[in-house]
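For reference, structure_32.cif is printed below; it contains mmCIF, C-alpha atoms.
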```cif
data_model
loop_
_atom_site.label_atom_id
_atom_site.label_comp_id
_atom_site.auth_asym_id
_atom_site.auth_seq_id
_atom_site.Cartn_x
_atom_site.Cartn_y
_atom_site.Cartn_z
CA ALA A 1 -4.61 17.76 11.87
CA GLY A 2 -7.91 16.44 10.63
CA SER A 3 -8.92 12.82 10.62
CA SER A 4 -6.18 10.72 9.11
CA ARG A 5 -8.22 7.57 8.67
CA HIS A 6 -10.93 7.40 5.98
CA LEU A 7 -13.04 4.34 6.73
CA THR A 8 -14.69 2.83 3.68
CA GLN A 9 -18.27 1.68 3.70
CA ASP A 10 -18.71 -2.00 4.48
CA THR A 11 -19.65 -3.89 1.32
CA GLY A 12 -20.01 -7.27 2.94
CA THR A 13 -16.63 -8.48 1.67
CA THR A 14 -14.78 -8.22 4.97
CA PRO A 15 -15.20 -10.95 7.60
CA ASN A 16 -17.08 -9.74 10.67
CA ALA A 17 -14.12 -10.41 12.92
CA PHE A 18 -12.07 -7.84 11.04
CA LYS A 19 -14.51 -4.98 10.49
CA PHE A 20 -12.89 -1.86 11.93
CA SER A 21 -15.25 0.61 13.58
CA HIS A 22 -14.63 4.30 14.24
CA ASP A 23 -14.42 3.46 17.95
CA ASN A 24 -11.69 0.87 17.34
CA MET A 25 -9.67 3.30 15.25
CA ASN A 26 -10.10 6.07 17.82
CA LEU A 27 -8.82 3.75 20.55
CA LEU A 28 -5.73 3.01 18.43
CA ARG A 29 -5.17 6.73 17.88
CA ILE A 30 -5.49 7.53 21.59
CA SER A 31 -3.17 4.67 22.58
CA CYS A 32 -0.48 5.70 20.09
CA MET A 33 -0.85 9.38 20.92
CA VAL A 34 -0.27 8.70 24.61
CA SER A 35 2.75 6.53 23.77
CA ILE A 36 4.30 9.26 21.66
CA LEU A 37 3.54 12.03 24.15
CA ILE A 38 5.31 10.18 26.94
CA GLY A 39 8.08 9.12 24.59
CA PRO A 40 10.03 10.78 21.81
CA SER A 41 7.80 13.72 20.86
CA SER A 42 7.95 15.30 24.30
CA ALA A 43 11.29 16.84 23.35
CA PHE A 44 9.63 18.90 20.64
CA VAL A 45 6.78 20.41 22.65
CA GLY A 46 7.12 24.16 22.52
CA ALA A 47 10.11 24.01 20.21
CA SER A 48 10.77 27.24 18.37
CA PRO A 49 11.60 27.17 14.64
CA ARG A 50 15.02 28.39 13.49
CA ARG A 51 16.87 27.29 16.60
CA SER A 52 19.65 24.75 16.20
CA SER A 53 19.28 21.18 17.43
CA ARG A 54 21.61 21.93 20.33
CA THR A 55 19.44 24.84 21.49
CA PHE A 56 15.80 23.83 21.32
CA LEU A 57 15.94 20.10 22.09
CA SER A 58 15.68 19.36 25.78
CA SER A 59 18.00 16.90 27.44
CA SER A 60 16.65 13.37 27.77
CA THR A 61 17.88 9.89 28.53
CA ASP A 62 15.30 8.35 26.18
CA THR A 63 17.19 6.46 23.46
CA THR A 64 14.67 7.35 20.74
CA ASP A 65 14.81 10.99 21.76
CA ASP A 66 18.58 11.00 21.50
CA LEU A 67 18.39 9.71 17.93
CA LEU A 68 16.55 12.88 16.91
CA LYS A 69 19.09 15.29 18.40
CA PRO A 70 22.47 14.41 16.89
CA SER A 71 25.75 15.77 18.22
CA TYR A 72 26.31 17.77 15.02
CA ASP A 73 24.37 20.85 13.89
CA ILE A 74 21.69 20.35 11.27
CA GLU A 75 22.69 23.24 9.07
CA PRO A 76 19.97 25.74 8.05
CA LEU A 77 20.08 24.99 4.31
CA PRO A 78 17.40 26.77 2.25
CA THR A 79 16.18 23.45 0.78
CA ARG A 80 16.64 19.84 1.81
CA ILE A 81 15.77 16.69 -0.18
CA GLY A 82 14.67 13.39 1.32
CA HIS A 83 13.88 9.92 -0.03
CA GLY A 84 11.82 7.30 1.79
CA PHE A 85 11.02 3.67 1.06
CA ASP A 86 8.85 1.05 2.73
CA ILE A 87 7.68 -2.46 1.95
CA HIS A 88 5.34 -4.80 3.82
CA ARG A 89 4.07 -8.30 3.34
CA MET A 90 0.45 -8.90 2.41
CA ALA A 91 -1.33 -12.05 3.51
CA PRO A 92 -4.87 -13.36 3.93
CA LEU A 93 -6.74 -11.06 6.30
CA ASP A 94 -7.20 -13.62 9.06
CA GLU A 95 -3.42 -14.26 9.04
CA ALA A 96 -2.41 -10.58 8.85
CA GLY A 97 -4.86 -9.58 11.57
CA GLN A 98 -5.44 -6.09 10.17
CA PRO A 99 -6.69 -4.56 6.90
CA VAL A 100 -4.77 -2.92 4.09
CA VAL A 101 -4.30 0.72 5.12
CA ILE A 102 -2.59 3.09 2.68
CA GLY A 103 -2.26 6.82 3.18
CA GLY A 104 -4.61 6.58 6.13
CA VAL A 105 -7.34 4.96 4.04
CA VAL A 106 -8.69 1.47 4.68
CA ILE A 107 -8.69 -0.18 1.24
CA ASP A 108 -11.94 -2.12 1.01
CA HIS A 109 -11.79 -4.73 -1.74
CA LYS A 110 -13.18 -7.95 -3.16
CA ASP A 111 -11.34 -11.25 -2.77
CA GLN A 112 -8.01 -11.14 -4.59
CA LYS A 113 -5.87 -13.82 -6.27
CA TRP A 114 -3.03 -14.12 -3.79
CA THR A 115 -0.09 -16.43 -4.55
CA ASP A 116 0.42 -18.97 -1.76
CA ALA A 117 4.20 -19.27 -2.02
CA GLU A 118 4.49 -21.49 1.07
CA GLY A 119 1.51 -23.75 0.49
CA LYS A 120 -0.37 -22.77 3.64
CA TYR A 121 -3.83 -22.73 2.08
CA VAL A 122 -3.49 -24.41 -1.32
CA GLU A 123 -0.67 -26.25 -3.05
CA LYS A 124 2.64 -24.41 -2.97
CA GLY A 125 2.67 -21.66 -5.59
CA GLY A 126 -1.07 -21.96 -6.15
CA ILE A 127 -3.63 -19.16 -6.20
CA TYR A 128 -5.77 -18.56 -3.12
CA GLU A 129 -8.67 -16.13 -3.44
CA THR A 130 -8.96 -14.12 -0.25
CA GLN A 131 -9.37 -10.77 1.45
CA LEU A 132 -5.94 -9.26 2.03
CA GLY A 133 -4.33 -7.61 5.04
CA VAL A 134 -0.91 -6.12 5.78
CA VAL A 135 1.56 -7.91 8.04
CA ALA A 136 3.26 -5.27 10.20
CA HIS A 137 4.04 -4.27 13.77
CA SER A 138 2.08 -1.02 13.40
CA ASP A 139 -0.73 -0.64 10.86
CA GLY A 140 1.76 -1.10 7.99
CA ASP A 141 0.88 2.11 6.13
CA VAL A 142 3.59 2.20 3.46
CA ILE A 143 2.86 5.77 2.32
CA TYR A 144 2.96 7.28 5.80
CA HIS A 145 6.07 5.29 6.71
CA SER A 146 7.86 6.38 3.52
CA ILE A 147 7.00 10.04 4.09
CA VAL A 148 8.24 9.93 7.68
CA ASP A 149 11.41 8.20 6.50
CA ALA A 150 11.94 10.89 3.86
CA ILE A 151 11.46 13.73 6.36
CA PHE A 152 13.96 12.18 8.74
CA GLY A 153 16.36 11.55 5.86
CA ALA A 154 16.15 15.13 4.62
CA LEU A 155 17.14 16.26 8.11
CA THR A 156 20.03 13.74 8.26
CA LEU A 157 18.27 11.87 11.07
CA PRO A 158 18.02 8.07 11.52
CA ASP A 159 15.44 6.07 9.59
CA ILE A 160 11.92 5.39 10.81
CA GLY A 161 12.85 1.84 11.82
CA GLN A 162 15.30 3.18 14.39
CA VAL A 163 12.99 5.86 15.74
CA PHE A 164 9.86 3.68 15.91
CA GLN A 165 11.31 0.22 16.38
CA ASP A 166 9.20 -2.83 15.52
CA THR A 167 10.24 -4.43 18.82
CA ASP A 168 8.66 -1.62 20.85
CA PRO A 169 5.22 -2.63 22.19
CA ARG A 170 4.11 1.02 22.16
CA TRP A 171 3.81 0.88 18.36
CA LYS A 172 1.96 -2.45 18.12
CA GLY A 173 -1.03 -1.88 15.82
CA CYS A 174 -0.41 1.86 15.97
CA ASP A 175 -2.22 4.24 13.62
CA SER A 176 0.68 5.60 11.55
CA SER A 177 -0.86 9.07 11.41
CA LYS A 178 0.79 9.47 14.82
CA PHE A 179 4.20 8.88 13.22
CA MET A 180 3.31 11.53 10.64
CA GLU A 181 2.31 14.00 13.34
CA HIS A 182 5.57 13.39 15.14
CA ALA A 183 7.59 13.82 11.94
CA TYR A 184 5.82 17.14 11.34
CA GLU A 185 6.80 18.26 14.87
CA VAL A 186 10.41 17.27 14.19
CA MET A 187 10.42 19.03 10.81
CA THR A 188 9.03 22.31 12.15
CA GLY A 189 11.18 22.02 15.27
CA TYR A 190 14.25 22.18 13.05
CA GLY A 191 12.78 25.18 11.22
CA TYR A 192 11.40 23.56 8.06
CA LYS A 193 8.10 23.12 6.25
CA LEU A 194 7.14 20.80 3.40
CA GLY A 195 8.21 22.02 -0.03
CA ASN A 196 6.54 19.26 -2.01
CA VAL A 197 6.15 15.49 -1.83
CA ASP A 198 5.92 12.95 -4.66
CA VAL A 199 4.63 9.48 -3.72
CA THR A 200 4.95 6.35 -5.87
CA LEU A 201 2.86 3.48 -4.52
CA ILE A 202 3.62 0.05 -5.98
CA LEU A 203 1.11 -2.78 -5.65
CA GLU A 204 -0.53 -5.20 -8.04
CA ARG A 205 -3.92 -5.39 -6.37
CA PRO A 206 -6.26 -4.22 -4.96
CA LYS A 207 -6.74 -1.23 -7.24
CA VAL A 208 -6.46 2.08 -5.41
CA ALA A 209 -7.32 4.79 -7.98
CA GLY A 210 -10.59 5.60 -6.25
CA PHE A 211 -8.88 5.94 -2.88
CA LYS A 212 -6.13 8.37 -3.93
CA PRO A 213 -8.11 11.58 -3.24
CA GLY A 214 -8.62 10.49 0.38
CA MET A 215 -4.93 9.65 0.74
CA LYS A 216 -3.94 13.05 -0.62
CA GLU A 217 -6.36 14.87 1.69
CA ASN A 218 -4.92 13.03 4.69
CA ILE A 219 -1.33 13.96 3.80
CA VAL A 220 -2.28 17.61 3.21
CA ASN A 221 -3.96 17.74 6.63
CA LEU A 222 -1.23 15.95 8.55
CA LEU A 223 1.62 18.01 7.08
CA HIS A 224 -0.35 21.28 7.21
CA THR A 225 0.24 22.01 3.54
CA THR A 226 -1.75 22.52 0.31
CA PRO A 227 -2.94 20.11 -2.41
CA GLY A 228 -0.57 21.65 -4.95
CA ARG A 229 2.41 20.36 -2.93
CA VAL A 230 1.28 16.70 -2.66
CA ASN A 231 1.26 14.14 -5.48
CA ILE A 232 0.34 10.45 -5.35
CA LYS A 233 1.06 8.02 -8.17
CA ALA A 234 0.28 4.30 -8.18
CA ARG A 235 1.52 1.54 -10.44
CA THR A 236 1.58 -2.24 -10.62
CA HIS A 237 4.69 -4.42 -10.67
CA GLU A 238 3.73 -6.17 -13.92
CA ARG A 239 3.09 -9.38 -11.96
CA LEU A 240 6.77 -9.68 -11.10
CA ASP A 241 8.22 -10.81 -7.77
CA SER A 242 6.33 -10.75 -4.46
CA VAL A 243 4.58 -7.46 -5.28
CA GLY A 244 3.24 -8.89 -8.54
CA GLU A 245 2.03 -11.97 -6.70
CA LEU A 246 0.09 -9.81 -4.20
CA ARG A 247 2.37 -10.98 -1.39
CA SER A 248 3.70 -7.48 -0.71
CA LEU A 249 3.27 -3.79 -1.46
CA SER A 250 5.85 -1.01 -1.43
CA CYS A 251 6.27 2.73 -1.74
CA HIS A 252 8.87 5.32 -2.71
CA VAL A 253 8.69 8.97 -1.65
CA VAL A 254 10.78 11.96 -2.67
CA LEU A 255 10.19 15.27 -0.94
CA THR A 256 11.74 18.66 -0.35
CA LEU A 257 11.79 20.69 2.83
CA GLN A 258 11.98 24.48 2.78
CA ARG A 259 13.43 26.70 5.45
CA ILE A 260 10.72 28.56 7.37
#
```
Encoded form (structure tokens):
Amino acid sequence: AGSSRHLTQDTGTTPNAFKFSHDNMNLLRISCMVSILIGPSSAFVGASPRRSSRTFLSSSTDTTDDLLKPSYDIEPLPTRIGHGFDIHRMAPLDEAGQPVVIGGVVIDHKDQKWTDAEGKYVEKGGIYETQLGVVAHSDGDVIYHSIVDAIFGALTLPDIGQVFQDTDPRWKGCDSSKFMEHAYEVMTGYGYKLGNVDVTLILERPKVAGFKPGMKENIVNLLHTTPGRVNIKARTHERLDSVGELRSLSCHVVLTLQRI
């Protein structure tokens, strides 16, 4: 796949301590890639499409590996449908420790009016203007996580939280493109390709309209598909609940898989 991380140009709005260079991102990619290669994805290397789960998946004692090769056959249906959902907290950048990354794109933005529900920075419930980051074990990419979850769901496999557990140090700060690459290996290993994917991103701010083309390009590259099979929509939450207060962002994904 091509590069899954589009770095935005620095506009002077991000504190120096949290500017992410290409070198830093490449180190994250390499670290996560090594973790996945020595972990769950090794079972799919050289897997041949159209074989059943009992035939092409090698035996392994790795718990994560076992989750992806159930005792039952994953029947060769012509079309499968999957739904994925993810939500993550947003917080001031220095608290979150990492930027807002959506669909592999670092969302550069001006200071936003974040609601301080706990009174850490201003009075409880007050507005604190700040750069935002995502609180997560990995990079907290809600689009990538939702797509992976939907692929696993379509194949009747466990959810992303079971496969890539947030207690596993291998995934700490991980570039979620690696989860996407692994999900693609699983999907093709079971003899499927992407039919189409419809993404609904839900966040109040920052605005992401200008970043959507980069997100779409990343998904097309990672899933080895075409632009006419990938759609990304974004909407606010009408200032309701934690999403409307800029304290979280979420995503829904519906996709189809087609038999190869």
Determine the residue set returned by the PyMOL selection byres ((chain A and resi 230) around 6) for the present structure, and present it as an MDAnalysis selection string. chainID A and resid 196:197 227:229 231
One decimal, Å: what's the distance from CA of Ser138 (chain A) over to CA of Glu95 (chain A), could you say? 15.0 Å
CA of Thr188 (chain A) sits from CA of Ala150 (chain A) at a separation of 14.4 Å
Polymer residues at most 6 Å from Thr130 (chain A), all atoms listed in the file, same-chain spacing of 6 or more positions, as a VMD selection string: chain A and resid 92 111 to 112
I would like the residues chosen by the PyMOL selection byres ((chain A and resi 223) around 12) on the shown file; could you give them as a short mmCIF file (atom, residue, chain, number, x, y, z; two decimals) with C-alpha atoms, keeping the file's coordinate frame?
```cif
data_model
loop_
_atom_site.label_atom_id
_atom_site.label_comp_id
_atom_site.auth_asym_id
_atom_site.auth_seq_id
_atom_site.Cartn_x
_atom_site.Cartn_y
_atom_site.Cartn_z
CA ALA A 1 -4.61 17.76 11.87
CA GLY A 2 -7.91 16.44 10.63
CA SER A 4 -6.18 10.72 9.11
CA TYR A 144 2.96 7.28 5.80
CA ILE A 147 7.00 10.04 4.09
CA VAL A 148 8.24 9.93 7.68
CA ILE A 151 11.46 13.73 6.36
CA SER A 177 -0.86 9.07 11.41
CA LYS A 178 0.79 9.47 14.82
CA PHE A 179 4.20 8.88 13.22
CA MET A 180 3.31 11.53 10.64
CA GLU A 181 2.31 14.00 13.34
CA HIS A 182 5.57 13.39 15.14
CA ALA A 183 7.59 13.82 11.94
CA TYR A 184 5.82 17.14 11.34
CA GLU A 185 6.80 18.26 14.87
CA VAL A 186 10.41 17.27 14.19
CA MET A 187 10.42 19.03 10.81
CA THR A 188 9.03 22.31 12.15
CA TYR A 192 11.40 23.56 8.06
CA LYS A 193 8.10 23.12 6.25
CA LEU A 194 7.14 20.80 3.40
CA GLY A 195 8.21 22.02 -0.03
CA ASN A 196 6.54 19.26 -2.01
CA VAL A 197 6.15 15.49 -1.83
CA LYS A 216 -3.94 13.05 -0.62
CA GLU A 217 -6.36 14.87 1.69
CA ASN A 218 -4.92 13.03 4.69
CA ILE A 219 -1.33 13.96 3.80
CA VAL A 220 -2.28 17.61 3.21
CA ASN A 221 -3.96 17.74 6.63
CA LEU A 222 -1.23 15.95 8.55
CA HIS A 224 -0.35 21.28 7.21
CA THR A 225 0.24 22.01 3.54
CA THR A 226 -1.75 22.52 0.31
CA PRO A 227 -2.94 20.11 -2.41
CA ARG A 229 2.41 20.36 -2.93
CA VAL A 230 1.28 16.70 -2.66
CA LEU A 257 11.79 20.69 2.83
#
```
Ref. answer, residues at most 9 Å from (-3.6, -5.7, -7.0) with all atoms listed in the file, as number ranges by chain: A: 112-113, 203-208, 236, 243-246
Find the residue from A:His145, A:Gly153, A:Leu249, A:Ala234 that sits nearest to Ala91 (chain A); use all atoms listed in the file when measuring.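 Of A:His145, A:Gly153, A:Leu249, A:Ala234, the one nearest Ala91 (chain A), counting all atoms listed in the file, is A:Leu249.
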On this structure, which residues satisfy the PyMOL selection byres ((chain A and resi 99) around 9), written as a list in words?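 With the shown file as input, the PyMOL selection byres ((chain A and resi 99) around 9) matches Phe18, Lys19, Phe20, Leu93, Ala96, Gly97, Gln98, Val100, Val101, Val106, Ile107, Asp108, Gln131, Leu132, Gly133, Val134, Val135 and Asp139 of chain A.
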Record the distance separating CA of Val253 (chain A) and CA of Ile74 (chain A), expressed in Å with one decimal. 21.6 Å
With distances taken over only C-alpha atoms, which residue among A:Gly140, A:Pro158, A:Gly119, A:Gly84 lies nearest Gly103 (chain A)? A:Gly140
For Ile202 (chain A), which residue out of A:His88, A:His137, A:His83, A:His109 is the nearest one, using all atoms listed in the file?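 Looking at the shortest contact to Ile202 (chain A), the residue is A:His88.
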